[in-house]
$ cat model.cif   # mmCIF, C-alpha atoms and all ligand atoms
data_model
#
loop_
_atom_site.label_atom_id
_atom_site.label_comp_id
_atom_site.auth_asym_id
_atom_site.auth_seq_id
_atom_site.Cartn_x
_atom_site.Cartn_y
_atom_site.Cartn_z
CA MET A 772 9.21 7.87 -5.68
CA PHE A 773 7.38 4.62 -5.23
CA ALA A 774 6.52 2.28 -2.38
CA VAL A 775 6.63 -1.52 -2.44
CA LEU A 776 4.46 -3.63 -0.12
CA SER A 777 4.24 -7.37 0.38
CA ASP A 778 2.67 -10.07 2.51
CA ILE A 779 -0.32 -8.17 3.82
CA HIS A 780 -2.00 -11.42 4.79
CA SER A 781 -5.49 -10.02 5.32
CA ASN A 782 -4.27 -7.72 8.10
CA LEU A 783 -6.37 -4.58 7.68
CA GLU A 784 -4.93 -2.71 10.68
CA ALA A 785 -1.38 -3.09 9.38
CA LEU A 786 -2.36 -2.22 5.81
CA THR A 787 -4.25 0.96 6.74
CA THR A 788 -1.30 2.08 8.90
CA VAL A 789 1.15 1.54 6.03
CA LEU A 790 -1.08 3.25 3.46
CA ALA A 791 -1.47 6.27 5.75
CA ASP A 792 2.32 6.54 6.10
CA ILE A 793 2.78 6.32 2.32
CA LYS A 794 0.20 9.06 1.82
CA LYS A 795 1.86 11.25 4.46
CA ARG A 796 5.15 11.00 2.56
CA GLY A 797 3.41 12.12 -0.62
CA ILE A 798 4.15 8.84 -2.43
CA GLU A 799 1.57 8.14 -5.12
CA THR A 800 2.84 4.96 -6.76
CA ILE A 801 2.49 1.67 -4.93
CA TYR A 802 3.55 -1.78 -6.14
CA CYS A 803 2.59 -4.98 -4.33
CA LEU A 804 4.52 -8.27 -4.20
CA GLY A 805 1.57 -10.50 -3.34
CA ASP A 806 0.20 -12.55 -0.45
CA VAL A 807 -2.56 -9.99 -0.02
CA VAL A 808 -4.59 -12.75 1.63
CA GLY A 809 -4.02 -15.79 3.86
CA TYR A 810 -3.66 -16.15 7.68
CA GLY A 811 -5.59 -13.01 8.63
CA PRO A 812 -9.22 -11.99 9.22
CA ASN A 813 -9.91 -9.33 6.53
CA PRO A 814 -9.24 -10.77 3.04
CA ARG A 815 -12.00 -8.86 1.24
CA GLU A 816 -11.14 -5.48 2.73
CA CYS A 817 -7.42 -5.88 2.03
CA LEU A 818 -8.05 -6.99 -1.56
CA ASP A 819 -10.34 -3.99 -2.12
CA MET A 820 -7.68 -1.60 -0.80
CA ILE A 821 -4.89 -3.11 -2.89
CA ILE A 822 -7.10 -3.10 -6.00
CA GLU A 823 -7.77 0.58 -5.39
CA LYS A 824 -4.31 1.76 -4.31
CA ALA A 825 -1.69 -0.43 -5.99
CA ARG A 826 -0.65 0.18 -9.58
CA TRP A 827 -0.01 -3.54 -9.92
CA CYS A 828 0.54 -6.63 -7.82
CA VAL A 829 2.30 -9.95 -8.50
CA LEU A 830 1.09 -13.39 -7.46
CA GLY A 831 2.04 -14.79 -4.04
CA ASN A 832 1.75 -18.39 -2.87
CA HIS A 833 -1.19 -17.55 -0.60
CA ASP A 834 -3.04 -15.78 -3.41
CA TYR A 835 -2.36 -18.88 -5.52
CA ALA A 836 -3.66 -21.09 -2.71
CA VAL A 837 -7.00 -19.32 -2.56
CA LEU A 838 -7.36 -19.21 -6.32
CA TYR A 839 -6.08 -22.72 -7.16
CA GLU A 840 -4.69 -24.92 -4.38
CA PRO A 841 -2.40 -24.64 -1.34
CA THR A 842 1.12 -25.88 -2.21
CA ASN A 843 3.41 -27.09 0.61
CA PHE A 844 1.23 -25.48 3.29
CA ASN A 845 1.12 -26.62 6.90
CA TYR A 846 -2.30 -27.53 8.29
CA ALA A 847 -3.09 -24.14 9.85
CA ALA A 848 -2.08 -22.20 6.73
CA GLU A 849 -4.14 -24.56 4.58
CA GLN A 850 -7.20 -24.12 6.82
CA ALA A 851 -6.79 -20.34 6.59
CA SER A 852 -6.71 -20.48 2.80
CA PHE A 853 -9.87 -22.60 2.68
CA TRP A 854 -11.59 -20.18 5.05
CA THR A 855 -10.45 -17.22 2.90
CA ARG A 856 -11.89 -18.86 -0.21
CA GLU A 857 -15.17 -19.51 1.57
CA VAL A 858 -15.45 -15.89 2.71
CA MET A 859 -14.74 -14.68 -0.80
CA GLU A 860 -17.28 -17.04 -2.31
CA THR A 861 -20.06 -16.23 0.12
CA SER A 862 -19.82 -12.47 -0.31
CA GLU A 863 -23.28 -11.06 -1.07
CA ASP A 864 -21.94 -8.15 -3.00
CA LYS A 865 -21.65 -9.79 -6.45
CA PRO A 866 -19.82 -7.05 -8.44
CA ASN A 867 -17.12 -6.62 -5.76
CA CYS A 868 -16.89 -10.36 -5.35
CA ASP A 869 -16.27 -10.80 -9.11
CA ARG A 870 -13.77 -7.94 -9.10
CA ARG A 871 -11.71 -9.61 -6.37
CA TRP A 872 -11.64 -12.97 -8.15
CA SER A 873 -10.64 -11.43 -11.46
CA PHE A 874 -7.92 -9.39 -9.72
CA LEU A 875 -6.46 -12.62 -8.27
CA GLY A 876 -6.91 -14.44 -11.57
CA ASP A 877 -5.04 -11.73 -13.50
CA LEU A 878 -1.97 -11.52 -11.24
CA GLN A 879 1.33 -12.04 -13.06
CA MET A 880 4.28 -13.86 -11.55
CA ARG A 881 6.82 -11.11 -12.25
CA LYS A 882 7.07 -7.48 -13.26
CA THR A 883 10.08 -5.53 -14.55
CA LEU A 884 10.78 -1.81 -14.54
CA LYS A 885 13.60 0.01 -16.21
CA SER A 886 13.93 3.39 -14.62
CA LYS A 887 16.26 6.30 -14.10
CA LEU A 888 16.92 6.49 -10.35
CA GLY A 889 19.15 9.44 -9.54
CA ALA A 890 22.00 9.32 -12.05
CA ASN A 891 21.61 5.61 -12.85
CA ILE A 892 19.49 3.55 -15.22
CA VAL A 893 18.30 0.63 -13.11
CA ILE A 894 16.59 -2.61 -14.12
CA MET A 895 14.30 -3.76 -11.33
CA ASP A 896 12.54 -7.11 -11.20
CA PHE A 897 9.67 -7.70 -8.81
CA VAL A 898 8.54 -11.16 -7.67
CA HIS A 899 6.88 -12.57 -4.58
CA ALA A 900 9.50 -15.15 -3.59
CA SER A 901 12.69 -15.59 -5.64
CA PRO A 902 14.05 -14.72 -9.08
CA ARG A 903 14.15 -18.37 -10.20
CA ARG A 904 10.97 -19.65 -8.51
CA PRO A 905 8.81 -16.55 -8.24
CA ILE A 906 6.01 -17.97 -6.10
CA ASN A 907 7.45 -20.56 -3.74
CA GLU A 908 11.20 -20.39 -3.07
CA TYR A 909 12.33 -19.01 0.29
CA ILE A 910 15.58 -17.01 0.44
CA PHE A 911 16.53 -16.95 4.11
CA PRO A 912 19.26 -14.73 5.61
CA ASP A 913 21.01 -17.90 6.88
CA ASP A 914 21.30 -19.22 3.31
CA VAL A 915 24.35 -17.01 2.76
CA TYR A 916 26.19 -19.16 5.36
CA THR A 917 24.45 -22.55 5.10
CA ASN A 918 23.87 -22.64 1.34
CA PRO A 919 26.04 -20.01 -0.41
CA LEU A 920 25.78 -21.94 -3.71
CA LYS A 921 22.01 -21.48 -3.69
CA VAL A 922 22.41 -17.72 -3.26
CA ARG A 923 25.02 -17.57 -6.06
CA LEU A 924 22.68 -19.48 -8.39
CA LEU A 925 19.86 -17.10 -7.49
CA PHE A 926 22.05 -14.15 -8.41
CA GLU A 927 22.53 -15.65 -11.88
CA ARG A 928 18.84 -14.84 -12.36
CA VAL A 929 19.26 -11.22 -11.15
CA ARG A 930 20.07 -8.54 -13.70
CA HIS A 931 20.54 -5.69 -11.22
CA ILE A 932 17.93 -5.26 -8.49
CA CYS A 933 15.29 -7.80 -7.57
CA PHE A 934 12.59 -6.99 -5.00
CA VAL A 935 11.11 -9.93 -3.08
CA GLY A 936 8.94 -10.70 -0.04
CA HIS A 937 7.79 -14.19 1.06
CA THR A 938 10.06 -14.84 4.09
CA HIS A 939 8.70 -11.78 5.93
CA MET A 940 12.30 -10.82 6.85
CA PRO A 941 13.51 -7.50 5.42
CA GLY A 942 17.07 -6.82 4.31
CA ALA A 943 19.46 -6.82 1.36
CA PHE A 944 21.27 -9.83 -0.15
CA LEU A 945 24.45 -9.15 -2.12
CA ASP A 946 26.16 -11.68 -4.39
CA GLU A 947 29.28 -12.19 -2.20
CA PRO A 948 27.00 -13.79 -0.88
CA ASP A 949 26.05 -11.63 2.05
CA PHE A 950 22.95 -10.46 3.90
CA TYR A 951 22.41 -7.12 5.63
CA PRO A 952 19.36 -6.52 7.84
CA PRO A 953 18.02 -2.95 7.59
CA ASN A 954 19.59 -1.81 10.88
CA GLU A 955 23.08 -2.67 9.56
CA LEU A 956 22.37 -0.46 6.55
CA GLY A 957 21.06 2.51 8.54
CA ASN A 958 17.69 1.53 7.00
CA VAL A 959 18.82 2.64 3.53
CA TYR A 960 20.23 0.57 0.66
CA PRO A 961 21.82 2.77 -2.04
CA ILE A 962 21.38 1.26 -5.52
CA ILE A 963 24.66 1.56 -7.43
CA ASP A 964 25.61 0.67 -11.00
CA ASP A 965 27.92 -2.28 -10.43
CA GLU A 966 26.27 -4.05 -7.48
CA LYS A 967 23.48 -6.60 -7.78
CA ALA A 968 21.06 -6.92 -4.88
CA ILE A 969 18.05 -8.96 -3.87
CA ILE A 970 16.02 -6.74 -1.59
CA ASN A 971 13.53 -8.32 0.76
CA ILE A 972 11.00 -5.68 1.72
CA GLY A 973 9.57 -7.54 4.71
CA SER A 974 5.90 -8.06 5.50
CA VAL A 975 3.13 -5.55 6.11
CA GLY A 976 0.81 -7.90 7.94
CA GLN A 977 2.90 -10.64 9.54
CA PRO A 978 6.54 -9.65 10.27
CA ARG A 979 8.77 -12.59 11.29
CA ASP A 980 12.06 -10.92 12.25
CA LYS A 981 11.20 -10.61 15.98
CA ASP A 982 10.01 -7.06 15.36
CA ASN A 983 6.23 -6.87 15.33
CA ARG A 984 6.02 -3.58 13.42
CA ALA A 985 4.66 -3.52 9.86
CA SER A 986 7.40 -3.40 7.20
CA TYR A 987 7.58 -1.89 3.71
CA VAL A 988 10.06 0.04 1.55
CA TYR A 989 9.96 3.16 -0.56
CA VAL A 990 12.43 4.16 -3.26
CA ASN A 991 13.54 7.76 -3.64
CA GLU A 992 16.22 8.62 -6.21
CA ASN A 993 18.60 5.63 -5.94
CA GLU A 994 17.85 4.90 -2.27
CA VAL A 995 15.73 2.06 -0.96
CA HIS A 996 14.36 3.09 2.44
CA PHE A 997 13.24 0.40 4.89
CA VAL A 998 10.31 1.55 7.03
CA ARG A 999 8.83 0.00 10.20
CA LEU A 1000 5.55 1.13 11.74
CA GLU A 1001 3.71 0.25 14.92
CA TYR A 1002 0.09 -0.69 14.34
CA ASP A 1003 -2.84 -1.94 16.38
CA PHE A 1004 -2.02 -5.67 16.25
CA GLU A 1005 -4.19 -6.33 19.30
CA THR A 1006 -7.31 -5.62 17.26
CA THR A 1007 -6.12 -7.99 14.52
CA MET A 1008 -5.37 -10.64 17.15
CA LYS A 1009 -8.88 -10.35 18.60
CA LYS A 1010 -10.43 -10.74 15.15
CA ILE A 1011 -8.36 -13.85 14.41
CA LYS A 1012 -9.22 -15.42 17.75
CA ALA A 1013 -12.93 -14.84 17.12
CA ILE A 1014 -12.81 -16.87 13.88
CA GLU A 1015 -12.86 -20.57 14.61
CA GLU A 1016 -11.23 -21.63 11.33
CA LEU A 1017 -8.18 -19.44 11.95
CA ASP A 1018 -5.54 -20.96 14.24
CA ASN A 1019 -4.73 -18.88 17.34
CA PHE A 1020 -1.05 -19.10 16.42
CA HIS A 1021 -1.74 -16.70 13.55
CA ALA A 1022 -2.77 -14.20 16.25
CA GLU A 1023 0.08 -14.86 18.71
CA ARG A 1024 2.78 -14.49 16.06
CA LEU A 1025 1.61 -10.92 15.32
CA ARG A 1026 2.46 -9.87 18.87
CA ASP A 1027 5.84 -11.65 18.80
CA GLY A 1028 6.84 -10.84 15.22
CA ARG A 1029 7.57 -14.47 14.33
FE FE A 1101 3.64 -14.49 2.92
#
$ encode --input "model.cif" --output "structure tokens"
Amino acid sequence: MFAVLSDIHSNLEALTTVLADIKKRGIETIYCLGDVVGYGPNPRECLDMIIEKARWCVLGNHDYAVLYEPTNFNYAAEQASFWTREVMETSEDKPNCDRRWSFLGDLQMRKTLKSKLGANIVIMDFVHASPRRPINEYIFPDDVYTNPLKVRLLFERVRHICFVGHTHMPGAFLDEPDFYPPNELGNVYPIIDDEKAIINIGSVGQPRDKDNRASYVYVNENEVHFVRLEYDFETTMKKIKAIEELDNFHAERLRDGR
């Protein structure tokens, strides 16, 4: 059994809620698909928790933004990444500060696992965004209708199962192409031998599918389970509103799940 988290976005309340749920289920292995930081008020705390709890993490565009430069960011997202960098640079605690920077600096763009899940041998790729552009490409549910060619081309880069985050909208893409939100799957996607899937695991710290609960998945045997959890977003909202450099929209969207 393992859990996969993504897009924490410096939201400590959501992350602690998700980690508690993972512990309660007795899951010991956690993988992270990036965007640990950006938008939210607790970058250092979230980095420290992911460093401690996740077996590995891949690079997200917001991690990249803090480490190198924001790429295609709107003004508010860019401001948040500059604020995050400033907070990380002005930390008094030098060893922890260095540890966080080297964690970000060492993040890879993709990871692959070959594993026996139930009766099947499964190849799983893990990236932040998409199998062909691992840091920056958005795969939206609507793409299956508005740009089916794009989705078909993406599936050329998928060997069997590819886990992604980035859009903050959970669900499973199949190569028809088709998209199934978790509720249409009964919250479980069964991995089978002859079906490719791109599985978006949703966002821990900033869900955007009109459901404000934190999202993650865990894999047990050949089943991918989509989980949603209520958390204390009001506390996160208050923290964001108290920081001048963080746009109030980053707070409002947590309540609305957008
Ligand atoms: Fe993100």
$ atom_distance --input "model.cif" --atom1 "CA of Gly976 (chain A)" --atom2 "CA of Lys1010 (chain A)"
13.7 Å
$ closest_residue --input "model.cif" --among "A:Asn813, A:Ser777, A:Ser901, A:Thr883" --to "Ile969 (chain A)" --atoms "all atoms listed in the file"
A:Ser901
$ residues_near_ligand --input "model.cif" --ligand "ligand FE 1101 (chain A)" --cutoff "8 Å" --atoms "all atoms listed in the file" --output "list of chain:residue names"
A:Ser777, A:Asp778, A:Ile779, A:His780, A:Gly805, A:Asp806, A:Gly809, A:Gly831, A:Asn832, A:His833, A:Gly936, A:His937, A:Thr938, A:His939, A:Ser974, A:Gln977
$ closest_residue --input "model.cif" --among "A:Arg815, A:Tyr987, A:Leu920, A:Ile798" --to "Val775 (chain A)" --atoms "only C-alpha atoms"
A:Tyr987
$ residues_around --input "model.cif" --residues "Val837 (chain A)" --least-positions-apart "2" --cutoff "6 Å" --atoms "only C-alpha atoms" --output "list of chain:residue names"
A:Asp834, A:Tyr835, A:Tyr839, A:Ser852, A:Arg856
$ closest_residue --input "model.cif" --among "A:Leu818, A:Val995, A:Gly797, A:Glu849" --to "Asp1018 (chain A)" --atoms "only C-alpha atoms"
A:Glu849
